[in-house]
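A.B. asks: Structure incoming, see below.
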Amino acid sequence: MTRALTIALDGMGGDHGPATVIGGAEIASVRHPDVRFLIFGDEALIRPLLDKHPRVASAAELVHTDVAISMNDKPSQALRRGRKTSSMWLAIDAVKEGRAQAAISAGNTGALMAMAKVILKTIPNVERPALAAIWPTARGESVALDLGATVGANARQLVQFAAMGEAFARVIFNLEQPTVGLLNIGEEEVKGTEEVKEAAQMLRESNLPIRFHGFIEGDDISKGTVDVVVTDGYTGNIALKTAEGTVRLIVDYLRKAMASSILSRIGYVLARGAFQTLSKKLDPRASNGALFLGLNGLVVKSHGGTDPVGFASAIDVAVDVASADLVSKIVADLDKLKGLGGADRKEKSDISEPEAALS
């Protein structure tokens, strides 16, 4: 018999705290009846919610702590105040100790990144972890990284991101050889920074299980031109925020247009099925859950403002990658990069103030 999968939950993270976490666990427990939860947080707030959700209560262990990381805490502050005592720290530490196979938090992104690096450490041949998420496209879905774990990246780090991203795509999308593209200002070989051009050359020379597409432009992300979009955290975070803002703008335009006249309202009623389909495709909750890649353990970041439906999607991501033993696959792929342009050199770096991409 295989051991039941256990997911550690930061019960206090996010804009809406325990209500979203427990509500999301309720939805996820229907999809994944064999999964168990290890929940960390204030028992006085969480226990009444568990009483209302007996399905979750029967599959969960609650560990009390009254220390929670604020959404406004800087990573350094979070480490000082929440070390070994906060719900966020304890959830990640459960992964290190082997009590859980993945941890999820909707809390402060920078604090989560800092704590995860301190507790789990990076795997061999990884200089910087990357934040990867599933990105809806015209073709279906793609993986994009880095979306803001750190700012900037050199050529070796971009190649490492590519290796981690393709392993993620193989697990999530069940692909043998994902297509990988480097985000650039043009598809031509002469365009882009030296780091991006060097990374492209290194990927062409690598023996990773990928099909390297070459350079892609910003509009290729939504087209779904490649399975894995690779960029630095600064650019990736801007692309993510731009896409989120564009979706909200389109939804707002449609809502106003449908209410602008009697004929528009009638048209909406007649085309309600089509609008419902569109609404589902544009719903960010369906693709909620970004994964910190490059750590000795699995940590999923949920959007801080999501609801139970979105948090359940983050649990789906955690279950998928934990079931597939993603970390070992990343380690194996990164091992193929040894000696490639110095890609096996690991640089020491301080914990930076990560971009709060999904907070």
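Convention: chains lettered A, B, ... in structure tokens order; per-chain residue numbering from 1; ligands numbered from 1 as shown.
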Which residues are near range 307-321 of chain A? Cut-off 7 Å, only C-alpha atoms, ignore same chain within fewer than 4 positions. Put them as a PyMOL selection string.
C.D. replies: chain A and resi 20-21+23-25+27-28+102+171-172+285-289+300+302+325-326
A.B. asks: Please produce a file of the residues just selected, as a CSV table (one decimal), in the first residue's frame, where the atoms kept are N, CA, C and O atoms.
C.D. replies:
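So result14.csv came out as:
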```csv
chain,number,residue,atom,x,y,z
A,20,THR,N,-11.1,30.9,3.7
A,20,THR,CA,-10.8,30.5,2.4
A,20,THR,C,-10.0,29.2,2.4
A,20,THR,O,-10.3,28.3,1.6
A,21,VAL,N,-9.1,29.0,3.4
A,21,VAL,CA,-8.3,27.8,3.4
A,21,VAL,C,-9.2,26.6,3.7
A,21,VAL,O,-9.1,25.5,3.0
A,23,GLY,N,-12.5,26.3,3.4
A,23,GLY,CA,-13.4,26.2,2.3
A,23,GLY,C,-12.8,25.5,1.1
A,23,GLY,O,-13.4,24.7,0.4
A,24,GLY,N,-11.6,25.9,0.8
A,24,GLY,CA,-10.9,25.3,-0.3
A,24,GLY,C,-10.5,23.8,-0.1
A,24,GLY,O,-10.6,23.0,-1.0
A,25,ALA,N,-10.2,23.5,1.2
A,25,ALA,CA,-9.9,22.1,1.5
A,25,ALA,C,-11.1,21.3,1.4
A,25,ALA,O,-11.0,20.1,1.0
A,27,ILE,N,-13.6,21.7,-0.8
A,27,ILE,CA,-13.8,21.4,-2.3
A,27,ILE,C,-12.8,20.4,-2.7
A,27,ILE,O,-13.1,19.4,-3.4
A,28,ALA,N,-11.5,20.6,-2.3
A,28,ALA,CA,-10.4,19.7,-2.7
A,28,ALA,C,-10.6,18.2,-2.2
A,28,ALA,O,-10.2,17.3,-2.8
A,102,ALA,N,3.8,18.4,0.5
A,102,ALA,CA,3.8,19.8,-0.1
A,102,ALA,C,3.2,20.7,0.9
A,102,ALA,O,2.4,20.3,1.7
A,171,VAL,N,5.2,16.9,-16.0
A,171,VAL,CA,4.4,16.3,-14.9
A,171,VAL,C,2.9,16.8,-15.1
A,171,VAL,O,2.0,16.0,-15.1
A,172,ILE,N,2.7,18.1,-15.3
A,172,ILE,CA,1.4,18.7,-15.3
A,172,ILE,C,0.6,18.4,-16.6
A,172,ILE,O,-0.6,18.1,-16.5
A,285,ARG,N,-9.3,31.8,-11.0
A,285,ARG,CA,-9.3,30.8,-10.0
A,285,ARG,C,-8.9,29.4,-10.5
A,285,ARG,O,-8.4,28.6,-9.8
A,286,ALA,N,-9.3,29.2,-11.8
A,286,ALA,CA,-9.0,27.9,-12.3
A,286,ALA,C,-7.5,27.6,-12.5
A,286,ALA,O,-7.1,26.4,-12.5
A,287,SER,N,-6.7,28.6,-12.6
A,287,SER,CA,-5.3,28.4,-12.8
A,287,SER,C,-4.5,28.9,-11.5
A,287,SER,O,-3.3,29.2,-11.6
A,288,ASN,N,-5.2,29.1,-10.4
A,288,ASN,CA,-4.5,29.6,-9.2
A,288,ASN,C,-3.5,28.5,-8.7
A,288,ASN,O,-3.8,27.3,-8.7
A,289,GLY,N,-2.4,29.0,-8.2
A,289,GLY,CA,-1.5,28.1,-7.6
A,289,GLY,C,-0.1,28.1,-8.3
A,289,GLY,O,0.0,27.4,-9.4
A,300,VAL,N,3.7,25.6,-2.7
A,300,VAL,CA,2.7,26.2,-3.6
A,300,VAL,C,2.2,27.6,-3.0
A,300,VAL,O,1.9,27.6,-1.9
A,302,SER,N,-0.6,30.3,-3.3
A,302,SER,CA,-1.9,30.7,-3.7
A,302,SER,C,-2.1,32.2,-3.8
A,302,SER,O,-1.4,32.9,-3.0
A,325,ASP,N,6.3,13.2,-7.8
A,325,ASP,CA,7.7,13.3,-7.3
A,325,ASP,C,8.5,14.3,-8.2
A,325,ASP,O,9.6,13.9,-8.7
A,326,LEU,N,8.0,15.5,-8.3
A,326,LEU,CA,8.5,16.4,-9.2
A,326,LEU,C,10.0,16.8,-8.9
A,326,LEU,O,10.8,17.0,-9.8
```
A.B. asks: Write out as a list in words all residues of range 13-59 of chain A that DSSP puts in helix (DSSP H, G or I) for this structure's backbone.
C.D. replies: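 Residues of range 13-59 of chain A classed as helix (DSSP H, G or I): Pro18, Ala19, Thr20, Val21, Ile22, Gly23, Gly24, Ala25, Glu26, Ile27, Ala28, Ser29, Val30, Arg31, Glu43, Ala44, Leu45, Ile46, Arg47, Pro48, Leu49, Leu50, Asp51, Lys52, Pro54, Arg55, Val56, Ala57 and Ser58 of chain A.
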A.B. asks: Could you pull the residues within 10 Å of range 83-93 of chain A, counting only C-alpha atoms, minus those fewer than 4 positions along the same chain, as a ChimeraX atom specification?
C.D. replies: /A:7-13,38-42,63-69,77-79,97-108,111-112,115-120,297-300
A.B. asks: Just give me the gap between CA of Gly82 in chain A and CA of Thr150 in chain A in Å, one decimal is fine.
C.D. replies: 21.2 Å
A.B. asks: Suppose you want the space between CA of Asp51 in chain A and CA of Glu26 in chain A; what is it in Å?
C.D. replies: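 So the answer is 11.8 Å.
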A.B. asks: What's the separation between CA of Thr6 in chain A and CA of Gln177 in chain A, in Å to one decimal place?
C.D. replies: 29.6 Å
A.B. asks: Pick out the closest residue to His213 in chain A from this set: A:Val190, A:Met113, A:Val229, A:Ala94. Count only C-alpha atoms.
C.D. replies: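 Smallest separation from His213 in chain A among the options: A:Val229.
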A.B. asks: I'd like to know which residues of range 55-88 of chain A are strand (DSSP E or B) (by DSSP, run on the backbone); could you write them as a VMD selection string?
C.D. replies: chain A and resid 60 to 64 67 86
A.B. asks: Extract, using only C-alpha atoms, all DNA, RNA and protein residues at most 12 Å from Phe173 in chain A, discarding same-chain residues fewer than 2 positions from it, and format them as a list in words.
C.D. replies: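 These residues fall inside the cut-off: Ile134, Gly140, Glu141, Ser142, Val143, Gly165, Glu166, Ala167, Phe168, Ala169, Arg170, Val171, Leu175, Glu176, Gln177, Pro178, Thr179, Asp227, Val228, Val317, Asp320, Val321 and Ala324 of chain A.
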A.B. asks: Could you pull the residues within 9 Å of Arg55 in chain A, counting only C-alpha atoms, minus those fewer than 5 positions along the same chain, as a VMD selection string?
C.D. replies: chain A and resid 26 29 to 30 50 60
